Number of protein chains: 2
Amino acid sequence: MKKHILIILIGLCHQYILSQQQLSEKYNLMPWPKEVKENNQKFVITKGFSVGIQDISNQRIRKATTRFLRRLSGRTGVFIEDGFAQESSTKDSFSLLIKYKRKGNLELGEDESYQLKITNKYIHIDAETDIGVLRGLETLLQLTNYNKTQYYFSGVSIKDTPRFPWRGLMIDVARHYQPIGVLKRNLDAMASVKLNVFHWHLTDDQGFRVQVNSRPKLHQLGSDGQYYTHNQIKEVVAYAADLGIRVVPEFDVPGHASSWLTAYPEIASKDTIYNIERYAGIFNPTLDPTNNKTYKILDDVFSEIAPLFPDVYFHIGGDENEGKHWDENQNIQAFKKKHGLKDNHELQNYFNIKVQKILKKNGKIMMGWDEIFQPELPKNVVIHSWRGKEAMLEAAKKGYKTVLSKGFYIDLLKPLKHHYLNEPLKDNHGLTDNQLKNILGGEATMWGELVTPLTIDSRIWPRTAAIAERFWSDKNITNVSNMMKRLDVVSQRLEELGITHLRNRDVILRNISNHQNISSLITLTRICEPLKAYQRNKGGKEYKSYSPFTQFVDACGTDAKDAFLFNEAVEGFLSDNNQNNLQKITPFLTKWIDNHKAFIKINNNPTLAKLEKLSKNIANTSTILKTALISGKMSKNKLNQAKIIIKNLKEPTADTELAIVDSLQKLIEYFEK
Amino acid sequence: MKKHILIILIGLCHQYILSQQQLSEKYNLMPWPKEVKENNQKFVITKGFSVGIQDISNQRIRKATTRFLRRLSGRTGVFIEDGFAQESSTKDSFSLLIKYKRKGNLELGEDESYQLKITNKYIHIDAETDIGVLRGLETLLQLTNYNKTQYYFSGVSIKDTPRFPWRGLMIDVARHYQPIGVLKRNLDAMASVKLNVFHWHLTDDQGFRVQVNSRPKLHQLGSDGQYYTHNQIKEVVAYAADLGIRVVPEFDVPGHASSWLTAYPEIASKDTIYNIERYAGIFNPTLDPTNNKTYKILDDVFSEIAPLFPDVYFHIGGDENEGKHWDENQNIQAFKKKHGLKDNHELQNYFNIKVQKILKKNGKIMMGWDEIFQPELPKNVVIHSWRGKEAMLEAAKKGYKTVLSKGFYIDLLKPLKHHYLNEPLKDNHGLTDNQLKNILGGEATMWGELVTPLTIDSRIWPRTAAIAERFWSDKNITNVSNMMKRLDVVSQRLEELGITHLRNRDVILRNISNHQNISSLITLTRICEPLKAYQRNKGGKEYKSYSPFTQFVDACGTDAKDAFLFNEAVEGFLSDNNQNNLQKITPFLTKWIDNHKAFIKINNNPTLAKLEKLSKNIANTSTILKTALISGKMSKNKLNQAKIIIKNLKEPTADTELAIVDSLQKLIEYFEK
């Protein structure tokens with residue numbers, strides 16, 4: 001009897017797991033919820049759509065429901081008569097009835113769970129907190145569907161809660177300043193995929209981006225006039241709070257400090273002239289940890305800034321302080337000897353402990369990159385791991401809370417798969433249950449050396465939505481092609497929040513073509529990808545912060561669409577000589593042959609001239625391959641020609657690499673055999 | 001002898017005029033400068049490009065040259081090494097040397113003239129004021145040119161100065177709130193075509209958009225939370241000042257006052273419940289001019305707001321106060337009798353005089369729409385003419401300064417030609433030289449009932465650039481087709497300032513197609529135009545302020561491109577049966593026949609279903625016409641079919657009208673004969 005029950009239970013579980021996979025083929029939810037059940041009903045969206053909330057004086061819910069109604073109306077074109085939610089006591093029934101038990105606190109670990117039920121007759125969202133309601137409203141919007149005569153919400157029951165409590169996106173506004181509008185639209189996008197921490201990297205060698213009234217030289221001399229006023233910071237923090245997003249500021253010390261030292265060279269470790277850094281890289285300027293004035297200035301800055309950020313966590317960076325200037329400074333060396341600090345790491349520890357006290361005095365808990373980790377710090381300090389998961393596990397074992405960014409560096413422009421499958425906790429993590437709680441979650445990091453307001457969205461989105469799924473959803477949700485399918489829809493919907501990742505590609509191509517026909521350039525962006533892992537900037541020495549980021553490479557992205565399809569087809573063809581795959585290959589070759597003819601017609605300026613060789617080489621290889629694939633053979637002569645072209649195509653062009661070059665090469669080698 | 005000189009002089013003048021026309025075929029300058037001479041030289045743009053200014057402490061010039069360098073680098077891709085202008089004393093020579101005599105005052109009538117000279121070796125900008133330099137830098141950027149190997153500035157000498165001192169754009173942020181970012185990019189665009197007044201329509205029935213600390217209910221109850229803080233206003237004003245643009249605020253009283261009365265019903269003329277107005281139109285709510293508290297509140301508001309705006313002019317609206325509630329109020333009627341005010345116009349005069357005193361106390365000069373004009377007002381009051389040029393001339397004759405907006409209502413969505421040829425001063429104006437000086441200039445008015453941040457740019461641009469030419473350039477610059485050619489380039493360049501008129505069309509089409517292939521929809525936007533002159537909103541009763549402005553009509557604009565070309569070809573064909581024109585007609589017909597096949601493939605949602613009949617009818621007419629044009633005849637049967645379809649096509653579709661329908665009809669009638 002027991003055996004029978006067990007078999008039934010296993011069967012049910014199996015069915016459940018299967019059904020979640022099947023459902024994820026059907027519904028484009030991201031992050032995938034903890035539990036989805038479908039009921040084959042649907043709620044039709046009409047002009048009479050109404051929203052009931054228990055208390056319209058809760059501004060967070062009031063604003064969230066208003067945004068919800070605008071987006072619903074905007075995407076469907078339905079003229080919804082009620083522009084705002086109403087108090088649920090005023091009417092017997094609402095299309096959407098929202099209930100929550102209490103107002104959530106915007107702090108680490110707050111309850112974000114919700115339940116969502118959609119039937120023919122009603123939609124219910126129930127949650128412990130209003131922040132949970134926000135998460136549920138985003139899920140509901142992802143369930144908008146249509147047929148030829150109706151827009152509707154698909155009938156489902158969902159129970160959802162996040163896996164990790166810290167799900168962040170870091171934006172570096174120091175290397176390139178990003179106006180408030182850019183931040184706001186990215187906050188909207190974050191909320192749409194249930195991210196809940198905006199980590200605001202505010203200072204670096206290339207800029208000090210905050211108004212500091214007590215030390216005004218910082219923003220006056222350290223920012224080229226591109227900084228946030230106190231009021232603007234409050235505006236961003238309030239905007240984020242309305243979305244259920246915490247804001248954690250970062251002031252990077254003691255390294256990455258050129259902008260600080262441009263303002264206050266007297267607290268530098270080396271007596272020299274400091275300027276705002278214009279290049280990218282790791283630089284030597286660093287605060288003098290032996291100088292009392294250093295702490296006086298830090299105290300002034302942090303005491304003034306801390307109240308602007310209601311969140312208890314405060315990030316001090318602490319990374320990549322190489323200590324060259326410390327080694328060169330005799331006073332600092334003497335100080336180390338005097339205080340028994342045996343190396344620069346210990347000197348930085350000394351610095352961190354003093355900084356931590358300043359933060360504590362201001363009611364803040366310190367957070368910093370890997371390098372700050374050392375056992376003398378209080379146990380509530382958060383270690384932000386960027387160099388490796390080992391460091392994260394080590395810190396967690398020692399009782400420190402940690403956040404993972406290693407593997408989530410989206411500025412590296414690696415394929416999304418790399419980030420998506422970067423599971424923070426492998427099965428062999430070796431942590432106790434208590435230690436496991438120290439793993440708070442993760443953050444995608446958008447370092448800003450190579451992005452401007454024109455391009456930053458396309459570097460963050462849609463990829464960060466998949467990373468958000470890694471942070472929110474079950475560990476077992478790992479099917480890449482299913483994720484890519486769902487991501488495609490999420491990507492499209494991001495447009496309604498003002499995210500520019502799709503629209504700005506054409507803006508850039510129109511610019512470089514001087515507003516000629518850009519279709520041939522679009523074709524190229526679908527097979528070219530930006531150079532990965534900082535190769536583009538050749539050690540930080542090619543691009544200054546004010547160099548142009550308006551060029552072909554800036555219109556290209558990772559996971560180039562045609563390349564993905566072509567590579568898949570070539571792999572299929574080569575593995576089993578499948579004719580089906582051959583029929584997928586040849587249209588691409590034809591497209592690229594024709595594309596060069598279109599390209600030549602617009603090839604009349606110096607910018608496009610840089611792409612001429614690439615376009616021609618792709619066309620020529622395609623011609624050779626197409627002929628060979630049709631005839632089934634390639635002459636020795638053509639083979640040699642093709643090999644030379646491939647060698648050329650492996651070289652970067654205008655800071656991009658050709659994402660189909662390996663497949664082209666394999667096809668050529670196929671004929672060599 | 002005298003006769004000979006006269007002939008030579010006439011010849012020279014003739015040659016000069018001709019040459020300005022010829023030059024305008026060659027250079028895409030807008031507004032066209034007072035005098036352009038070409039010298040067949042060019043200044044090549046290289047990474048060594050440098051800018052010298054006499055004083056880097058002048059922030060306006062410092063910022064303007066920085067923006068100039070970023071735009072130049074962005075559009076050419078040249079890695080200009082110097083990211084900033086340098087003080088001209090530091091080096092012997094600069095690529096661009098800028099000189100001006102004094103810092104300009106941002107006030108009406110300030111000198112904006114400049115001279116620009118471009119040779120092989122150098123570029124010089126010379127001006128009386130730094131504001132003149134800003135205008136010159138914009139002209140210089142419009143002279144960027146290229147060949148296959150170089151970007152360069154075309155060699156010219158230009159002397160330029162504006163015709164009118166008041167060249168404005170009004171943006172109504174009351175009907176739809178526009179975030180700061182939208183305003184900033186529009187200010188950038190204004191500066192690029194040398195407009196110098198931003199008229200900020202801040203209050204209306206649908207919203208009170210300014211934080212007022214002394215009367216906080218105004219923004220708390222009157223704005224749905226969508227208002228500008230004092231700091232945001234200062235930010236916009238400072239941003240505009242950097243661009244040499246004055247900011248004139250408008251607080252519309254005593255009518256258009258629903259938002260005021262939602263906050264303070266006690267100063268209304270009728271005892272009723274007030275709410276923020278959600279529809280468009282002319283409404284009855286109006287301030288009570290007989291109530292002392294009305295003036296107390298106005299005094300509080302204006303005294304608090306006036307210092308935020310450094311400009312001396314302050315607009316009080318005053319339009320469309322129908323007085324229904326005054327007529328219905330016995331106290332107000334009694335007050336009129338007591339004070340000998342014979343009608344509502346005199347009562348409003350009474351109100352205006354009191355408001356003018358409040359403004360005067362705050363150092364402001366009153367400005368208002370036509371309706372405020374009456375001889376008891378001080379002579380420095382500015383009359384803003386929207387109902388007719390006669391009113392403008394009348395006011396100027398009486399010694400009042402005037403600004404013209406009649407004919408520049410860009411929200412009417414009329415063809416650009418209508419606005420471009422709206423000459424403020426016809427030859428028979430009848431003004432003395434002194435009275436002529438009272439005509440300050442004009443303003444394009446972007447009323448906001450039917451625009452949101454997604455669409456507003458496409459309603460303002462590029463059309464306002466042509467209106468800017470009307471205000472800046474010589475009266476004789478009136479060639480529409482030449483203007484359209486230059487405007488096309490200006491339109492493209494506006495993209496680099498973040499103006500979204502081009503990019504957001506596709507955003508909207510992607511939304512309504514649920515991200516299917518939008519090419520068939522693009523084709524339709526090229527022949528469909530939004531309903532003109534407020535027909536779209538059917539008396540203000542179809543669209544509420546929160547209705548969707550994300551639909552097909554929002555992707556369409558005036559002067560639809562294919563319609564323009566097709567109509568021209570049809571006109572040509574019908575006037576002389578020219579085969580050349582026939583060859584221009586048939587490809588369009590073929591395109592529209594094919595387009596319906598593409599449309600059918602994506603026609604799977606309720607939004608697109610609304611376009612089905614239109615698309616099909618266009619295709620069917622095109623088929624009938626194509627056959628007839630090729631064969632030279634149309635059967636009676638086909639003729640009748642075509643006539644029925646044309647009748648259908650004359651009906652609006654999804655709030656658009658078909659801009660080729662008259663041409664289609666004429667072609668059919670051609671076969672009827």
# chains A, B, ... in the order shown; residues from 1 in each chain; ligands from 1

call {"tool": "closest_atom_pairs", "arguments": {"of": "chain B", "to": "chain A", "cutoff": "8 Å", "atoms": "only C-alpha atoms", "output": "Markdown table"}}
result
| residue | atom | partner | partner_atom | distance |
| --- | --- | --- | --- | --- |
| B:Arg70 | CA | A:Tyr546 | CA | 7.0 |
| B:Ser73 | CA | A:Pro548 | CA | 5.7 |
| B:Gly74 | CA | A:Pro548 | CA | 4.9 |
| B:Arg75 | CA | A:Asn511 | CA | 6.3 |
| B:Thr76 | CA | A:Thr607 | CA | 7.4 |
| B:Gly77 | CA | A:Pro548 | CA | 5.6 |
| B:Val78 | CA | A:Pro548 | CA | 7.2 |
| B:Phe79 | CA | A:Ser547 | CA | 5.4 |
| B:Ile80 | CA | A:Ser547 | CA | 7.0 |
| B:Gly83 | CA | A:Tyr546 | CA | 6.3 |
| B:Tyr146 | CA | A:Asn605 | CA | 6.2 |
| B:Asn147 | CA | A:Asn605 | CA | 5.4 |
| B:Lys148 | CA | A:Asn605 | CA | 4.0 |
| B:Thr149 | CA | A:Pro606 | CA | 4.8 |
| B:Gln150 | CA | A:Pro606 | CA | 6.0 |
| B:Tyr151 | CA | A:Pro606 | CA | 7.4 |
| B:Gly181 | CA | A:Gly181 | CA | 6.2 |
| B:Asn231 | CA | A:Asn231 | CA | 7.4 |
| B:Gln492 | CA | A:His515 | CA | 6.7 |
| B:Glu495 | CA | A:Val507 | CA | 7.1 |
| B:Glu496 | CA | A:Asn511 | CA | 7.9 |
| B:Arg503 | CA | A:Arg503 | CA | 5.8 |
| B:Asn504 | CA | A:Arg503 | CA | 7.4 |
| B:Asp506 | CA | A:Arg503 | CA | 7.6 |
| B:Val507 | CA | A:Arg503 | CA | 6.8 |
| B:Asn511 | CA | A:Arg75 | CA | 6.3 |
| B:Ile512 | CA | A:Arg75 | CA | 7.0 |
| B:His515 | CA | A:Gln492 | CA | 6.7 |
| B:Tyr546 | CA | A:Gly83 | CA | 6.3 |
| B:Ser547 | CA | A:Phe79 | CA | 5.4 |
| B:Pro548 | CA | A:Gly74 | CA | 4.9 |
| B:Phe549 | CA | A:Gly74 | CA | 6.9 |
| B:Thr550 | CA | A:Gly74 | CA | 5.6 |
| B:Gln551 | CA | A:Gly77 | CA | 6.6 |
| B:Asn603 | CA | A:Lys148 | CA | 7.6 |
| B:Asn604 | CA | A:Lys148 | CA | 4.6 |
| B:Asn605 | CA | A:Lys148 | CA | 4.0 |
| B:Pro606 | CA | A:Thr149 | CA | 4.8 |
| B:Thr607 | CA | A:Gly77 | CA | 6.9 |
| B:Ala609 | CA | A:Lys148 | CA | 7.2 |

call {"tool": "write_last_selection", "arguments": {"atoms": "C-alpha atoms", "output": "PDB file, in the first residue's frame"}}
result
ATOM      1  CA  ARG B  70      30.735  65.492 -28.945  1.00  0.00           C
ATOM      2  CA  SER B  73      32.817  63.230 -33.099  1.00  0.00           C
ATOM      3  CA  GLY B  74      29.583  61.268 -32.805  1.00  0.00           C
ATOM      4  CA  ARG B  75      28.426  61.935 -36.336  1.00  0.00           C
ATOM      5  CA  THR B  76      31.795  61.433 -38.038  1.00  0.00           C
ATOM      6  CA  GLY B  77      33.338  58.752 -35.843  1.00  0.00           C
ATOM      7  CA  VAL B  78      36.558  60.806 -35.720  1.00  0.00           C
ATOM      8  CA  PHE B  79      38.414  60.247 -32.411  1.00  0.00           C
ATOM      9  CA  ILE B  80      39.030  63.919 -31.657  1.00  0.00           C
ATOM     10  CA  GLY B  83      37.695  66.662 -25.596  1.00  0.00           C
ATOM     11  CA  TYR B 146      31.801  63.981 -46.523  1.00  0.00           C
ATOM     12  CA  ASN B 147      33.272  62.098 -49.397  1.00  0.00           C
ATOM     13  CA  LYS B 148      34.528  58.525 -49.435  1.00  0.00           C
ATOM     14  CA  THR B 149      37.725  59.324 -47.541  1.00  0.00           C
ATOM     15  CA  GLN B 150      37.050  62.454 -45.481  1.00  0.00           C
ATOM     16  CA  TYR B 151      34.596  64.316 -43.338  1.00  0.00           C
ATOM     17  CA  GLY B 181      14.159  64.628 -20.390  1.00  0.00           C
ATOM     18  CA  ASN B 231      14.509  72.285  -8.508  1.00  0.00           C
ATOM     19  CA  GLN B 492      17.900  63.313 -39.860  1.00  0.00           C
ATOM     20  CA  GLU B 495      18.241  62.189 -34.175  1.00  0.00           C
ATOM     21  CA  GLU B 496      21.654  62.939 -32.686  1.00  0.00           C
ATOM     22  CA  ARG B 503      12.762  55.947 -34.132  1.00  0.00           C
ATOM     23  CA  ASN B 504       9.408  55.899 -32.336  1.00  0.00           C
ATOM     24  CA  ASP B 506       8.734  51.681 -35.536  1.00  0.00           C
ATOM     25  CA  VAL B 507       8.326  51.337 -31.773  1.00  0.00           C
ATOM     26  CA  ASN B 511       3.681  47.334 -30.452  1.00  0.00           C
ATOM     27  CA  ILE B 512       0.487  47.176 -32.509  1.00  0.00           C
ATOM     28  CA  HIS B 515       6.395  42.376 -32.807  1.00  0.00           C
ATOM     29  CA  TYR B 546      -5.102  58.416 -20.274  1.00  0.00           C
ATOM     30  CA  SER B 547      -6.507  56.802 -23.430  1.00  0.00           C
ATOM     31  CA  PRO B 548      -3.936  54.945 -25.516  1.00  0.00           C
ATOM     32  CA  PHE B 549      -1.732  57.092 -27.754  1.00  0.00           C
ATOM     33  CA  THR B 550       0.176  54.051 -28.961  1.00  0.00           C
ATOM     34  CA  GLN B 551      -1.786  53.203 -32.059  1.00  0.00           C
ATOM     35  CA  ASN B 603      -3.294  40.427 -39.442  1.00  0.00           C
ATOM     36  CA  ASN B 604      -4.015  38.395 -36.323  1.00  0.00           C
ATOM     37  CA  ASN B 605      -5.020  40.825 -33.568  1.00  0.00           C
ATOM     38  CA  PRO B 606      -7.861  43.280 -32.932  1.00  0.00           C
ATOM     39  CA  THR B 607      -5.685  46.337 -33.496  1.00  0.00           C
ATOM     40  CA  ALA B 609      -8.028  44.104 -37.852  1.00  0.00           C
TER      41      ALA B 609
END

call {"tool": "select_by_dssp", "arguments": {"residues": "stretch 393-605 of chain A", "states": "strand (DSSP E)", "output": "JSON, numbers by chain"}}
result
{"A": [401, 402, 403, 404, 439, 440, 441, 442, 443, 444, 445, 446, 528, 529, 530]}

call {"tool": "residues_around", "arguments": {"residues": "A:Val253", "least_positions_apart": "5", "cutoff": "7 Å", "atoms": "only C-alpha atoms", "output": "ChimeraX atom specification"}}
result
/A:316-318

call {"tool": "write_last_selection", "arguments": {"atoms": "N, CA and C atoms", "output": "tab-separated table (two decimals), in the first residue's frame"}}
result
chain	number	residue	atom	x	y	z
A	316	ILE	N	31.52	50.44	-0.46
A	316	ILE	CA	32.74	51.28	-0.51
A	316	ILE	C	33.74	50.80	-1.56
A	317	GLY	N	33.30	49.91	-2.45
A	317	GLY	CA	34.21	49.45	-3.50
A	317	GLY	C	35.35	48.67	-2.89
A	318	GLY	N	36.55	49.27	-2.94
A	318	GLY	CA	37.72	48.63	-2.32
A	318	GLY	C	38.50	47.74	-3.25

call {"tool": "residues_around", "arguments": {"residues": "A:Leu202", "least_positions_apart": "4", "cutoff": "8 Å", "atoms": "only C-alpha atoms", "output": "PyMOL selection string"}}
result
chain A and resi 172-174+207-210+249-252

call {"tool": "residues_around", "arguments": {"residues": "B:Ile358", "least_positions_apart": "4", "cutoff": "8 Å", "atoms": "only C-alpha atoms", "output": "MDAnalysis selection string"}}
result
chainID B and resid 298:299 302:303 354 362

call {"tool": "residues_around", "arguments": {"residues": "B:Ile593", "least_positions_apart": "6", "cutoff": "8 Å", "atoms": "only C-alpha atoms", "output": "MDAnalysis selection string"}}
result
chainID B and resid 618:620 622:623

call {"tool": "write_last_selection", "arguments": {"atoms": "N, CA and C atoms", "output": "compact mmCIF listing (two decimals), in the first residue's frame"}}
result
# COMPACT_ATOMS: atom_id res chain seq x y z
N ILE B 618 -7.14 49.67 -50.66
CA ILE B 618 -6.03 50.30 -51.40
C ILE B 618 -5.51 49.33 -52.45
N ALA B 619 -5.34 48.07 -52.04
CA ALA B 619 -4.83 47.06 -52.98
C ALA B 619 -5.78 46.86 -54.15
N ASN B 620 -7.07 46.79 -53.85
CA ASN B 620 -8.05 46.56 -54.92
C ASN B 620 -8.12 47.74 -55.89
N SER B 622 -5.73 49.78 -56.47
CA SER B 622 -4.46 49.78 -57.20
C SER B 622 -4.47 48.76 -58.32
N THR B 623 -5.06 47.61 -58.03
CA THR B 623 -5.15 46.57 -59.06
C THR B 623 -5.96 47.07 -60.26

call {"tool": "closest_residue", "arguments": {"among": "B:Lys616, B:Arg459, B:His199, B:Lys532", "to": "B:Ile499", "atoms": "only C-alpha atoms"}}
result
B:Arg459

call {"tool": "closest_residue", "arguments": {"among": "B:Phe314, B:Tyr228, B:Phe198, B:Trp32", "to": "B:Gly168", "atoms": "only C-alpha atoms"}}
result
B:Phe198

call {"tool": "residues_around", "arguments": {"residues": "stretch 54-56 of chain B", "least_positions_apart": "5", "cutoff": "7 Å", "atoms": "only C-alpha atoms", "output": "list of chain:residue names"}}
result
B:Arg62, B:Gln86, B:Glu87, B:Ser88, B:Lys99

call {"tool": "write_last_selection", "arguments": {"atoms": "N, CA, C and O atoms", "output": "compact mmCIF listing (two decimals), in the first residue's frame"}}
result
# COMPACT_ATOMS: atom_id res chain seq x y z
N ARG B 62 31.90 77.25 -22.75
CA ARG B 62 32.59 76.01 -22.43
C ARG B 62 31.66 74.81 -22.72
O ARG B 62 32.05 73.85 -23.38
N GLN B 86 40.02 74.94 -25.57
CA GLN B 86 41.10 75.49 -24.75
C GLN B 86 41.12 77.00 -24.86
O GLN B 86 40.60 77.57 -25.81
N GLU B 87 41.76 77.61 -23.90
CA GLU B 87 41.87 79.07 -23.92
C GLU B 87 42.77 79.46 -25.10
O GLU B 87 43.85 78.88 -25.29
N SER B 88 42.35 80.43 -25.87
CA SER B 88 43.05 80.69 -27.14
C SER B 88 44.45 81.24 -26.94
O SER B 88 45.28 81.18 -27.83
N LYS B 99 35.55 83.97 -31.28
CA LYS B 99 35.69 85.27 -30.61
C LYS B 99 34.33 85.92 -30.43
O LYS B 99 33.48 85.85 -31.32

call {"tool": "closest_residue", "arguments": {"among": "B:Gly104, B:Pro216, B:Pro307, B:Gly244", "to": "B:Tyr264", "atoms": "only C-alpha atoms"}}
result
B:Pro216
